[in-house]
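Visitor: Take a look at protein25.cif, mmCIF, C-alpha atoms and all ligand atoms:
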```cif
data_entry
loop_
_atom_site.group_PDB
_atom_site.id
_atom_site.type_symbol
_atom_site.label_atom_id
_atom_site.label_comp_id
_atom_site.auth_asym_id
_atom_site.auth_seq_id
_atom_site.Cartn_x
_atom_site.Cartn_y
_atom_site.Cartn_z
ATOM 1 C CA MET D 404 32.135 142.738 -60.080
ATOM 2 C CA SER D 405 31.016 144.163 -56.710
ATOM 3 C CA ALA D 406 33.620 145.791 -54.432
ATOM 4 C CA PRO D 407 34.611 143.803 -51.312
ATOM 5 C CA PRO D 408 32.329 144.660 -48.377
ATOM 6 C CA THR D 409 33.517 146.501 -45.278
ATOM 7 C CA ILE D 410 32.626 144.633 -42.082
ATOM 8 C CA LEU D 411 32.916 146.446 -38.762
ATOM 9 C CA VAL D 412 33.364 144.136 -35.763
ATOM 10 C CA PHE D 413 32.850 145.712 -32.337
ATOM 11 C CA ASP D 414 33.537 144.543 -28.789
ATOM 12 C CA SER D 415 34.446 146.035 -25.435
ATOM 13 C CA GLY D 416 37.967 144.694 -25.918
ATOM 14 C CA LEU D 417 39.818 141.834 -27.579
ATOM 15 C CA GLY D 418 37.169 139.112 -27.151
ATOM 16 C CA GLY D 419 35.429 139.914 -30.422
ATOM 17 C CA LEU D 420 38.598 138.737 -32.167
ATOM 18 C CA THR D 421 37.337 135.171 -31.630
ATOM 19 C CA VAL D 422 34.290 136.087 -33.735
ATOM 20 C CA LEU D 423 36.326 138.075 -36.256
ATOM 21 C CA ARG D 424 38.564 135.014 -36.847
ATOM 22 C CA GLU D 425 35.565 132.953 -38.001
ATOM 23 C CA ILE D 426 34.104 135.762 -40.128
ATOM 24 C CA VAL D 427 37.453 136.258 -41.889
ATOM 25 C CA ARG D 428 37.461 132.529 -42.713
ATOM 26 C CA ALA D 429 33.980 132.844 -44.238
ATOM 27 C CA ARG D 430 34.724 136.107 -46.097
ATOM 28 C CA PRO D 431 38.464 136.454 -46.739
ATOM 29 C CA ASP D 432 37.755 139.051 -49.430
ATOM 30 C CA ALA D 433 36.198 141.625 -47.068
ATOM 31 C CA HIS D 434 37.765 144.732 -45.574
ATOM 32 C CA TYR D 435 37.706 144.566 -41.757
ATOM 33 C CA VAL D 436 37.535 147.308 -39.155
ATOM 34 C CA TYR D 437 37.840 145.917 -35.622
ATOM 35 C CA VAL D 438 36.929 148.311 -32.819
ATOM 36 C CA ALA D 439 37.818 147.560 -29.185
ATOM 37 C CA ASP D 440 36.055 149.934 -26.802
ATOM 38 C CA ASP D 441 38.859 149.523 -24.298
ATOM 39 C CA ALA D 442 38.226 152.989 -22.861
ATOM 40 C CA PHE D 443 35.043 151.509 -21.329
ATOM 41 C CA PHE D 444 36.233 147.903 -20.681
ATOM 42 C CA PRO D 445 34.922 145.754 -19.029
ATOM 43 C CA TYR D 446 31.281 146.149 -20.032
ATOM 44 C CA GLY D 447 30.346 143.455 -17.505
ATOM 45 C CA HIS D 448 30.942 145.953 -14.708
ATOM 46 C CA HIS D 449 28.642 148.684 -16.089
ATOM 47 C CA SER D 450 24.887 149.157 -15.615
ATOM 48 C CA GLU D 451 22.416 148.533 -18.441
ATOM 49 C CA ASP D 452 21.741 152.276 -18.827
ATOM 50 C CA GLN D 453 25.450 153.059 -19.003
ATOM 51 C CA ILE D 454 26.032 150.458 -21.733
ATOM 52 C CA ILE D 455 23.132 151.686 -23.877
ATOM 53 C CA ALA D 456 24.237 155.315 -23.443
ATOM 54 C CA ARG D 457 27.802 154.395 -24.407
ATOM 55 C CA VAL D 458 27.308 151.950 -27.287
ATOM 56 C CA VAL D 459 24.409 153.404 -29.290
ATOM 57 C CA PRO D 460 26.006 156.805 -30.102
ATOM 58 C CA LEU D 461 29.485 155.260 -30.465
ATOM 59 C CA ILE D 462 28.242 152.851 -33.134
ATOM 60 C CA GLY D 463 26.637 155.827 -34.905
ATOM 61 C CA GLU D 464 30.009 157.608 -34.985
ATOM 62 C CA LEU D 465 31.750 154.476 -36.259
ATOM 63 C CA ILE D 466 29.190 154.023 -39.033
ATOM 64 C CA GLY D 467 29.735 157.665 -40.028
ATOM 65 C CA ALA D 468 33.516 157.240 -40.054
ATOM 66 C CA HIS D 469 33.816 153.842 -41.792
ATOM 67 C CA ASN D 470 30.621 153.387 -43.821
ATOM 68 C CA PRO D 471 30.438 149.610 -43.184
ATOM 69 C CA ASP D 472 28.184 147.261 -45.170
ATOM 70 C CA LEU D 473 27.488 145.298 -41.982
ATOM 71 C CA VAL D 474 28.201 145.702 -38.259
ATOM 72 C CA VAL D 475 28.812 142.767 -35.901
ATOM 73 C CA ILE D 476 28.335 143.454 -32.196
ATOM 74 C CA ALA D 477 30.734 140.722 -31.042
ATOM 75 C CA CYS D 478 29.862 141.150 -27.389
ATOM 76 C CA ASN D 479 27.136 139.356 -25.448
ATOM 77 C CA THR D 480 27.102 141.950 -22.674
ATOM 78 C CA ALA D 481 26.171 144.632 -25.225
ATOM 79 C CA SER D 482 24.112 142.561 -27.697
ATOM 80 C CA THR D 483 21.692 141.367 -25.009
ATOM 81 C CA LEU D 484 20.775 145.076 -24.555
ATOM 82 C CA VAL D 485 21.404 147.247 -27.580
ATOM 83 C CA MET D 486 20.371 145.393 -30.751
ATOM 84 C CA SER D 487 16.832 146.808 -30.956
ATOM 85 C CA HIS D 488 18.136 150.346 -30.266
ATOM 86 C CA LEU D 489 20.742 150.007 -33.021
ATOM 87 C CA ARG D 490 18.317 148.551 -35.558
ATOM 88 C CA SER D 491 15.764 151.273 -34.983
ATOM 89 C CA LYS D 492 18.340 154.064 -35.264
ATOM 90 C CA TYR D 493 20.675 153.005 -38.086
ATOM 91 C CA LYS D 494 19.988 151.463 -41.503
ATOM 92 C CA VAL D 495 23.047 149.202 -41.833
ATOM 93 C CA PRO D 496 22.434 145.476 -41.107
ATOM 94 C CA PHE D 497 23.541 144.281 -37.651
ATOM 95 C CA VAL D 498 24.488 140.844 -36.373
ATOM 96 C CA GLY D 499 24.667 140.371 -32.597
ATOM 97 C CA THR D 500 26.146 137.750 -30.272
ATOM 98 C CA VAL D 501 23.818 136.266 -27.664
ATOM 99 C CA PRO D 502 24.175 133.175 -25.437
ATOM 100 C CA ALA D 503 23.825 129.977 -27.520
ATOM 101 C CA ILE D 504 21.327 128.414 -25.122
ATOM 102 C CA LYS D 505 19.117 126.789 -27.743
ATOM 103 C CA PRO D 506 21.803 124.681 -29.493
ATOM 104 C CA ALA D 507 23.452 123.849 -26.162
ATOM 105 C CA CYS D 508 20.237 122.498 -24.657
ATOM 106 C CA ALA D 509 19.413 120.612 -27.845
ATOM 107 C CA LYS D 510 22.797 118.848 -27.593
ATOM 108 C CA SER D 511 22.998 118.088 -23.873
ATOM 109 C CA LYS D 512 22.496 114.439 -22.997
ATOM 110 C CA THR D 513 22.498 114.837 -19.211
ATOM 111 C CA LYS D 514 20.087 117.810 -19.528
ATOM 112 C CA ARG D 515 22.399 119.893 -17.376
ATOM 113 C CA VAL D 516 23.841 122.975 -19.063
ATOM 114 C CA SER D 517 25.805 125.931 -17.685
ATOM 115 C CA VAL D 518 25.957 129.408 -19.221
ATOM 116 C CA LEU D 519 29.250 131.166 -18.462
ATOM 117 C CA GLY D 520 29.105 134.902 -19.172
ATOM 118 C CA THR D 521 29.786 138.270 -17.604
ATOM 119 C CA LYS D 522 27.810 139.266 -14.537
ATOM 120 C CA GLY D 523 25.866 141.624 -16.811
ATOM 121 C CA THR D 524 24.927 138.991 -19.417
ATOM 122 C CA VAL D 525 23.646 136.426 -16.919
ATOM 123 C CA LYS D 526 21.454 139.058 -15.215
ATOM 124 C CA ARG D 527 19.770 140.177 -18.439
ATOM 125 C CA GLU D 528 16.074 139.634 -19.029
ATOM 126 C CA TYR D 529 17.088 138.669 -22.607
ATOM 127 C CA THR D 530 19.126 135.719 -21.298
ATOM 128 C CA LYS D 531 16.360 134.610 -18.935
ATOM 129 C CA ALA D 532 13.885 134.674 -21.825
ATOM 130 C CA LEU D 533 16.210 132.455 -23.897
ATOM 131 C CA ILE D 534 16.160 129.916 -21.055
ATOM 132 C CA ARG D 535 12.365 130.088 -20.704
ATOM 133 C CA ASP D 536 11.922 129.594 -24.446
ATOM 134 C CA PHE D 537 14.697 127.157 -25.330
ATOM 135 C CA ALA D 538 15.784 125.124 -22.267
ATOM 136 C CA GLN D 539 13.976 122.071 -23.733
ATOM 137 C CA GLY D 540 13.743 120.379 -20.337
ATOM 138 C CA CYS D 541 17.339 121.146 -19.334
ATOM 139 C CA GLU D 542 18.375 122.506 -15.993
ATOM 140 C CA VAL D 543 20.352 125.661 -16.868
ATOM 141 C CA THR D 544 22.842 127.163 -14.404
ATOM 142 C CA LEU D 545 23.803 130.807 -14.953
ATOM 143 C CA VAL D 546 27.388 131.581 -13.962
ATOM 144 C CA GLY D 547 28.408 135.250 -13.929
ATOM 145 C CA SER D 548 32.174 135.685 -13.988
ATOM 146 C CA ALA D 549 33.670 138.934 -12.702
ATOM 147 C CA GLU D 550 37.226 138.335 -13.884
ATOM 148 C CA LEU D 551 37.456 135.893 -16.785
ATOM 149 C CA ALA D 552 37.237 138.512 -19.596
ATOM 150 C CA ALA D 553 40.066 140.538 -18.053
ATOM 151 C CA LEU D 554 42.097 137.348 -17.490
ATOM 152 C CA ALA D 555 41.635 136.402 -21.157
ATOM 153 C CA GLU D 556 42.888 139.850 -22.259
ATOM 154 C CA ALA D 557 45.843 139.565 -19.917
ATOM 155 C CA ALA D 558 46.780 136.136 -21.262
ATOM 156 C CA LEU D 559 46.478 137.293 -24.889
ATOM 157 C CA THR D 560 48.702 140.282 -24.259
ATOM 158 C CA GLY D 561 51.406 138.161 -22.620
ATOM 159 C CA THR D 562 50.729 138.586 -18.897
ATOM 160 C CA GLU D 563 51.050 135.491 -16.703
ATOM 161 C CA VAL D 564 47.606 134.191 -15.622
ATOM 162 C CA SER D 565 47.630 131.329 -13.126
ATOM 163 C CA ASP D 566 45.596 128.116 -13.452
ATOM 164 C CA GLN D 567 44.066 128.867 -10.040
ATOM 165 C CA GLU D 568 42.640 132.187 -11.228
ATOM 166 C CA ILE D 569 40.959 130.518 -14.219
ATOM 167 C CA SER D 570 39.756 127.462 -12.257
ATOM 168 C CA ALA D 571 38.097 129.674 -9.639
ATOM 169 C CA GLU D 572 35.954 131.347 -12.338
ATOM 170 C CA LEU D 573 35.131 128.004 -13.980
ATOM 171 C CA ALA D 574 34.261 125.911 -10.923
ATOM 172 C CA PRO D 575 30.592 127.002 -10.514
ATOM 173 C CA CYS D 576 29.827 125.714 -14.042
ATOM 174 C CA PHE D 577 30.412 122.100 -13.003
ATOM 175 C CA ILE D 578 27.397 120.667 -11.194
ATOM 176 C CA GLY D 579 27.536 117.029 -10.092
ATOM 177 C CA ASP D 580 30.554 114.932 -9.302
ATOM 178 C CA ASN D 581 33.400 113.341 -11.133
ATOM 179 C CA ASP D 582 32.492 109.842 -10.059
ATOM 180 C CA GLY D 583 30.168 108.373 -12.690
ATOM 181 C CA ASP D 584 27.393 110.963 -12.038
ATOM 182 C CA ALA D 585 25.036 110.467 -15.002
ATOM 183 C CA ALA D 586 23.347 113.825 -14.351
ATOM 184 C CA ARG D 587 26.398 116.065 -14.143
ATOM 185 C CA THR D 588 26.902 119.122 -16.399
ATOM 186 C CA ASP D 589 27.904 118.040 -19.905
ATOM 187 C CA THR D 590 27.656 121.341 -21.822
ATOM 188 C CA VAL D 591 28.986 124.854 -21.119
ATOM 189 C CA VAL D 592 27.876 127.829 -23.216
ATOM 190 C CA LEU D 593 30.683 130.366 -23.697
ATOM 191 C CA ALA D 594 28.455 133.448 -23.434
ATOM 192 C CA CYS D 595 31.287 135.963 -23.593
ATOM 193 C CA THR D 596 33.408 136.330 -26.692
ATOM 194 C CA HIS D 597 36.559 136.677 -24.590
ATOM 195 C CA TYR D 598 36.405 133.148 -23.223
ATOM 196 C CA PRO D 599 37.381 131.201 -26.374
ATOM 197 C CA LEU D 600 40.708 133.084 -26.158
ATOM 198 C CA LEU D 601 41.401 130.725 -23.219
ATOM 199 C CA MET D 602 40.001 127.604 -24.902
ATOM 200 C CA ASN D 603 43.023 125.333 -24.408
ATOM 201 C CA ARG D 604 43.204 126.177 -20.731
ATOM 202 C CA LEU D 605 39.451 125.806 -20.185
ATOM 203 C CA VAL D 606 39.629 122.295 -21.633
ATOM 204 C CA ARG D 607 42.665 121.411 -19.519
ATOM 205 C CA LEU D 608 41.313 122.864 -16.266
ATOM 206 C CA ALA D 609 37.756 121.501 -16.495
ATOM 207 C CA PRO D 610 37.090 118.937 -13.727
ATOM 208 C CA TRP D 611 35.620 116.619 -16.402
ATOM 209 C CA PRO D 612 35.179 116.840 -20.197
ATOM 210 C CA VAL D 613 32.211 118.879 -21.443
ATOM 211 C CA ASP D 614 31.050 120.320 -24.782
ATOM 212 C CA TRP D 615 32.026 123.986 -24.964
ATOM 213 C CA ILE D 616 29.593 125.941 -27.133
ATOM 214 C CA ASP D 617 31.271 128.830 -28.969
ATOM 215 C CA PRO D 618 28.783 130.648 -31.227
ATOM 216 C CA ALA D 619 31.429 132.235 -33.479
ATOM 217 C CA PRO D 620 31.025 129.828 -36.452
ATOM 218 C CA ALA D 621 27.235 130.350 -36.439
ATOM 219 C CA ILE D 622 27.726 134.130 -36.348
ATOM 220 C CA ALA D 623 30.100 133.911 -39.307
ATOM 221 C CA ARG D 624 27.504 131.910 -41.282
ATOM 222 C CA ARG D 625 24.874 134.555 -40.513
ATOM 223 C CA VAL D 626 27.215 137.321 -41.715
ATOM 224 C CA ALA D 627 27.951 135.421 -44.940
ATOM 225 C CA ASP D 628 24.200 134.923 -45.537
ATOM 226 C CA LEU D 629 23.498 138.639 -45.186
ATOM 227 C CA LEU D 630 26.180 139.829 -47.599
ATOM 228 C CA GLU D 631 26.197 139.614 -51.371
ATOM 229 C CA ALA D 632 28.288 136.678 -52.574
ATOM 230 C CA PRO D 633 31.944 137.585 -53.170
ATOM 231 C CA GLY D 634 33.022 138.733 -56.610
ATOM 232 C CA GLY D 635 35.299 136.497 -58.722
ATOM 233 C CA LYS D 636 38.596 137.358 -57.042
ATOM 234 C CA ALA D 637 39.263 137.231 -53.286
ATOM 235 C CA ASP D 638 41.913 139.921 -52.939
ATOM 236 C CA HIS D 639 42.365 140.066 -49.151
ATOM 237 C CA ALA D 640 41.266 143.650 -48.613
ATOM 238 C CA GLY D 641 42.733 145.542 -45.664
ATOM 239 C CA ALA D 642 42.286 145.368 -41.915
ATOM 240 C CA GLU D 643 42.201 148.122 -39.289
ATOM 241 C CA MET D 644 42.335 147.851 -35.526
ATOM 242 C CA ILE D 645 40.975 150.735 -33.462
ATOM 243 C CA PHE D 646 41.209 151.152 -29.677
ATOM 244 C CA THR D 647 38.822 153.805 -28.351
ATOM 245 C CA SER D 648 41.347 154.726 -25.638
ATOM 246 C CA ARG D 649 43.797 155.623 -28.443
ATOM 247 C CA ARG D 650 46.545 154.214 -26.254
ATOM 248 C CA PRO D 651 49.617 153.078 -28.142
ATOM 249 C CA HIS D 652 49.831 149.307 -28.443
ATOM 250 C CA ALA D 653 52.291 146.851 -29.877
ATOM 251 C CA LEU D 654 49.821 144.132 -30.703
ATOM 252 C CA SER D 655 49.555 144.257 -34.488
ATOM 253 C CA ARG D 656 51.706 141.174 -35.140
ATOM 254 C CA ALA D 657 50.188 139.169 -32.272
ATOM 255 C CA LEU D 658 46.728 139.792 -33.709
ATOM 256 C CA MET D 659 47.574 138.652 -37.256
ATOM 257 C CA PRO D 660 46.077 135.142 -36.865
ATOM 258 C CA PHE D 661 42.689 136.655 -36.022
ATOM 259 C CA PHE D 662 42.822 138.773 -39.185
ATOM 260 C CA GLY D 663 43.603 135.793 -41.431
ATOM 261 C CA GLY D 664 47.306 136.620 -41.535
ATOM 262 C CA ARG D 665 46.945 140.339 -42.283
ATOM 263 C CA VAL D 666 48.740 142.864 -40.102
ATOM 264 C CA PRO D 667 46.038 145.278 -38.940
ATOM 265 C CA ALA D 668 46.871 148.963 -39.466
HETATM 266 N N1 LIG W 1 33.342 140.252 -24.769
HETATM 267 C C1 LIG W 1 32.249 140.677 -23.978
HETATM 268 C C2 LIG W 1 31.069 139.698 -24.065
HETATM 269 O O1 LIG W 1 30.953 138.936 -25.016
HETATM 270 C C3 LIG W 1 32.382 141.102 -22.550
HETATM 271 C C4 LIG W 1 33.562 141.470 -21.793
HETATM 272 C C5 LIG W 1 33.345 142.669 -20.907
HETATM 273 O O2 LIG W 1 32.935 142.521 -19.725
HETATM 274 O O3 LIG W 1 33.587 143.762 -21.418
HETATM 275 O O4 LIG W 1 30.223 139.700 -23.230
#
```
Would it be possible to restate this file's structure as structure tokens?

Guide:
Amino acid sequence: MSAPPTILVFDSGLGGLTVLREIVRARPDAHYVYVADDAFFPYGHHSEDQIIARVVPLIGELIGAHNPDLVVIACNTASTLVMSHLRSKYKVPFVGTVPAIKPACAKSKTKRVSVLGTKGTVKREYTKALIRDFAQGCEVTLVGSAELAALAEAALTGTEVSDQEISAELAPCFIGDNDGDAARTDTVVLACTHYPLLMNRLVRLAPWPVDWIDPAPAIARRVADLLEAPGGKADHAGAEMIFTSRRPHALSRALMPFFGGRVPA
């Protein structure tokens, strides 16, 4: 029987936990190493050159230290830049996270879709190419949020975040009016892995109901496809949580649901 795989999940902070949660559901037998590059958070505020120079060698070090069978870059701001660099430099298989523009546009009935991401992600040539190739006749509005990733981290770690702060970041996604407008936005792509951490509040604060597209389940399916099928016995291998800042944290218990109930070491 083959040993459980080690899956390394990487993000600038805690947002990649929303992707990890789905991967753990698909592969409960795997060993997980979650790395939050909090020493460099938020990636959305850094230049493209800075992100490439930071992430490519860091992933090399992490591969050397943990010998993963697969690496998930659970960050749109990084994935829209670094995937080709990583694949050409390292042999391990990679799965990235990029804005789910194709499925969102395929689903939209009003043909009006918004993409909510970091300021970095919405500026990327990669994102613009996705719109050129997959808009399928939809009008796509790019909304770069300066604060929502940090607000999501704050909320997860127990800091009060007001409705007004969240609504201000959300408002530009909603084009049209609330009064029977048949052409108003009906679909919002969550193009930053931090945002599903706020899902309940996004739904409550939206001016009207929309479909929120979270790519995490599709990423988990891709991961499962790339790995060998699990052996006979799912034994819930371990889980590790690494912060690049090495700052002490008291989050292990709060993060258990994302790790399928395990307490990350
Ligand atoms: N979680 C990251 C993403 O998916 C970004 C947050 C940040 O700005 O660091 O884009």

Visitor: Would you tabulate, counting all atoms listed in the file, all residues of chain D that have an atom at most 9 Å from an atom of ligand LIG 1 (chain W), showing the closest pair of atoms and their distance in Å to one decimal, sorted by chain then ascending number, as a tab-separated table?

Guide:
```
residue	atom	partner	partner_atom	distance
D:Asp414	CA	W:LIG1	N1	5.9
D:Ser415	CA	W:LIG1	O3	4.7
D:Gly416	CA	W:LIG1	O3	6.3
D:Leu417	CA	W:LIG1	N1	7.2
D:Gly418	CA	W:LIG1	N1	4.6
D:Gly419	CA	W:LIG1	N1	6.0
D:Asp440	CA	W:LIG1	O3	8.6
D:Asp441	CA	W:LIG1	O3	8.3
D:Phe443	CA	W:LIG1	O3	7.9
D:Phe444	CA	W:LIG1	O3	5.0
D:Pro445	CA	W:LIG1	O3	3.4
D:Tyr446	CA	W:LIG1	O3	3.6
D:Gly447	CA	W:LIG1	O2	3.5
D:His448	CA	W:LIG1	O2	6.4
D:His449	CA	W:LIG1	O2	8.3
D:Ile476	CA	W:LIG1	O1	8.9
D:Ala477	CA	W:LIG1	O1	6.3
D:Cys478	CA	W:LIG1	O1	3.4
D:Asn479	CA	W:LIG1	O4	3.8
D:Thr480	CA	W:LIG1	O4	3.9
D:Ala481	CA	W:LIG1	O4	6.7
D:Ser482	CA	W:LIG1	O4	8.1
D:Thr483	CA	W:LIG1	O4	8.9
D:Thr500	CA	W:LIG1	O1	7.2
D:Val501	CA	W:LIG1	O1	8.1
D:Pro502	CA	W:LIG1	O1	8.9
D:Gly520	CA	W:LIG1	O4	6.4
D:Thr521	CA	W:LIG1	O2	5.7
D:Lys522	CA	W:LIG1	O2	8.0
D:Gly523	CA	W:LIG1	O2	7.7
D:Thr524	CA	W:LIG1	O4	6.6
D:Ser548	CA	W:LIG1	O2	9.0
D:Ala549	CA	W:LIG1	O2	7.9
D:Glu550	CA	W:LIG1	O2	8.4
D:Leu551	CA	W:LIG1	C4	8.4
D:Ala552	CA	W:LIG1	C4	5.2
D:Ala553	CA	W:LIG1	C4	7.6
D:Leu593	CA	W:LIG1	O1	8.7
D:Ala594	CA	W:LIG1	O1	6.2
D:Cys595	CA	W:LIG1	O1	3.3
D:Thr596	CA	W:LIG1	O1	4.0
D:His597	CA	W:LIG1	N1	4.8
D:Tyr598	CA	W:LIG1	N1	7.9
```

Visitor: Using all atoms listed in the file and a cutoff of 6 Å, can you tell me which residues are near (25.0, 141.7, -34.7) in the file's coordinates, and write them out as a ChimeraX atom specification?

Guide: /D:475-476,497-499

Visitor: Measuring atom to atom with all atoms listed in the file, identify which of D:Asp472, D:Glu563, D:Asp617, D:Asp536 is nearest to D:Lys494.

Guide: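 Nearest to D:Lys494: D:Asp472.
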
Visitor: Using all atoms listed in the file, which of the listed residues (D:Thr560, D:Ser517, D:Thr530, D:Asn603) sits closest to D:Cys576?

Guide: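 Nearest candidate to D:Cys576 out of D:Thr560, D:Ser517, D:Thr530, D:Asn603: D:Ser517.
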
Visitor: With distances taken over all atoms listed in the file, which of D:Val485, D:Val613, D:Cys508, D:Val422 is nearest to D:Pro599?

Guide: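 Using all atoms listed in the file, the shortest distance to D:Pro599 belongs to D:Val422.
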
Visitor: Run through the PyMOL selection byres (((chain D and resi 473) around 6) and not hetatm) on the given coordinates and return the selected residues as an MDAnalysis selection string.

Guide: chainID D and resid 410 471:472 474 495:497

Visitor: For atom CA of D:Val543 and atom CA of D:Arg624, determine how far apart the two atoms are, in Å to one decimal place.

Guide: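 Taking atom CA of D:Val543 and atom CA of D:Arg624, their separation equals 26.2 Å.
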
Visitor: Please determine an axis-aligned box that encloses all atoms of stretch 444-454 of chain D listed in the file, with 3 Å added on each side, and express its centre and edge lengths in Å to one decimal as AutoDock Vina command-line options.

Guide:
```
--center_x 29.0 --center_y 148.3 --center_z -18.2 --size_x 20.5 --size_y 15.6 --size_z 13.0
```

Visitor: Would you kindly return, as a list in words, each protein, DNA or RNA residue with an atom no farther than 7 Å from any atom of stretch 427-429 of chain D, considering only C-alpha atoms and excluding same-chain residues fewer than 5 positions away?

Guide: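 Here the qualifying residues turn out to be Ala623, Ala627, Phe662 and Gly663 of chain D.
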
Visitor: Using atom CA of D:Val626 and atom CA of D:Tyr529 as the two end points, give the distance in Å to one decimal.

Guide: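 Atom CA of D:Val626 sits 21.7 Å away from atom CA of D:Tyr529.
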
Visitor: So how far away is atom CA of D:Pro506 from atom CA of D:Gln539, in Å?

Guide: 10.1 Å

Visitor: For D:Met644, which residue among D:Lys531, D:His434, D:Lys526, D:Lys512 is the nearest when counting all atoms listed in the file?

Guide: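 Ranked by minimum distance to D:Met644, first place goes to D:His434.
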
Visitor: Which residue gives the smallest distance to D:Lys514 among D:Leu654, D:Leu630, D:Leu554, D:Ala586, with all atoms listed in the file counted?

Guide: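 Residue with the minimum atom-to-atom distance to D:Lys514: D:Ala586.
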
Visitor: Here is a test: counting only C-alpha atoms, which residue of D:Lys510, D:Arg515, D:Leu420, D:Ala439 is nearest to D:Asp584?

Guide: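 Nearest candidate to D:Asp584 out of D:Lys510, D:Arg515, D:Leu420, D:Ala439: D:Arg515.
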
Visitor: Can you find the residues with an atom no farther than 9 Å from (38.7, 142.6, -42.4), counting all atoms listed in the file, and report them as a ChimeraX atom specification?

Guide: /D:408-412,423,426-427,430-437,639-643,662-663,665,667

Visitor: Can you write out the residues you just picked, keeping C-alpha atoms, as a PDB file, keeping the file's coordinate frame?

Guide:
```pdb
ATOM      1  CA  PRO D 408      32.329 144.660 -48.377  1.00  0.00           C
ATOM      2  CA  THR D 409      33.517 146.501 -45.278  1.00  0.00           C
ATOM      3  CA  ILE D 410      32.626 144.633 -42.082  1.00  0.00           C
ATOM      4  CA  LEU D 411      32.916 146.446 -38.762  1.00  0.00           C
ATOM      5  CA  VAL D 412      33.364 144.136 -35.763  1.00  0.00           C
ATOM      6  CA  LEU D 423      36.326 138.075 -36.256  1.00  0.00           C
ATOM      7  CA  ILE D 426      34.104 135.762 -40.128  1.00  0.00           C
ATOM      8  CA  VAL D 427      37.453 136.258 -41.889  1.00  0.00           C
ATOM      9  CA  ARG D 430      34.724 136.107 -46.097  1.00  0.00           C
ATOM     10  CA  PRO D 431      38.464 136.454 -46.739  1.00  0.00           C
ATOM     11  CA  ASP D 432      37.755 139.051 -49.430  1.00  0.00           C
ATOM     12  CA  ALA D 433      36.198 141.625 -47.068  1.00  0.00           C
ATOM     13  CA  HIS D 434      37.765 144.732 -45.574  1.00  0.00           C
ATOM     14  CA  TYR D 435      37.706 144.566 -41.757  1.00  0.00           C
ATOM     15  CA  VAL D 436      37.535 147.308 -39.155  1.00  0.00           C
ATOM     16  CA  TYR D 437      37.840 145.917 -35.622  1.00  0.00           C
ATOM     17  CA  HIS D 639      42.365 140.066 -49.151  1.00  0.00           C
ATOM     18  CA  ALA D 640      41.266 143.650 -48.613  1.00  0.00           C
ATOM     19  CA  GLY D 641      42.733 145.542 -45.664  1.00  0.00           C
ATOM     20  CA  ALA D 642      42.286 145.368 -41.915  1.00  0.00           C
ATOM     21  CA  GLU D 643      42.201 148.122 -39.289  1.00  0.00           C
ATOM     22  CA  PHE D 662      42.822 138.773 -39.185  1.00  0.00           C
ATOM     23  CA  GLY D 663      43.603 135.793 -41.431  1.00  0.00           C
ATOM     24  CA  ARG D 665      46.945 140.339 -42.283  1.00  0.00           C
ATOM     25  CA  PRO D 667      46.038 145.278 -38.940  1.00  0.00           C
TER      26      PRO D 667
END
```

Visitor: Selection in question (the file shown): the PyMOL selection byres (((chain D and resi 573) around 12) and not hetatm). Which residues does it include, as a ChimeraX atom specification?

Guide: /D:517-520,545-551,566-572,574-578,591-593,598,601-602,604-611

Visitor: I would like the residues chosen by the PyMOL selection byres (((chain D and resi 462-466) around 9) and not hetatm) on the shown file; could you give them as a PyMOL selection string?

Guide: chain D and resi 411+413+438+457-461+467-471+474+489+492-493+495

Visitor: At the level of C-alpha atoms, write stretch 641-655 of chain D to a file as a compact mmCIF listing (two decimals), in the first residue's frame, please.

Guide:
```txt
# COMPACT_ATOMS: atom_id res chain seq x y z
CA GLY D 641 -0.49 14.82 10.40
CA ALA D 642 -0.79 18.53 9.78
CA GLU D 643 1.75 21.34 10.21
CA MET D 644 1.23 25.08 10.13
CA ILE D 645 4.21 27.30 9.36
CA PHE D 646 4.33 31.11 9.54
CA THR D 647 7.36 32.55 7.75
CA SER D 648 7.54 35.38 10.31
CA ARG D 649 8.04 32.70 13.00
CA ARG D 650 5.92 34.85 15.28
CA PRO D 651 4.25 32.97 18.10
CA HIS D 652 0.55 32.42 17.49
CA ALA D 653 -2.30 30.88 19.41
CA LEU D 654 -4.34 29.81 16.43
CA SER D 655 -3.94 26.04 16.34
```
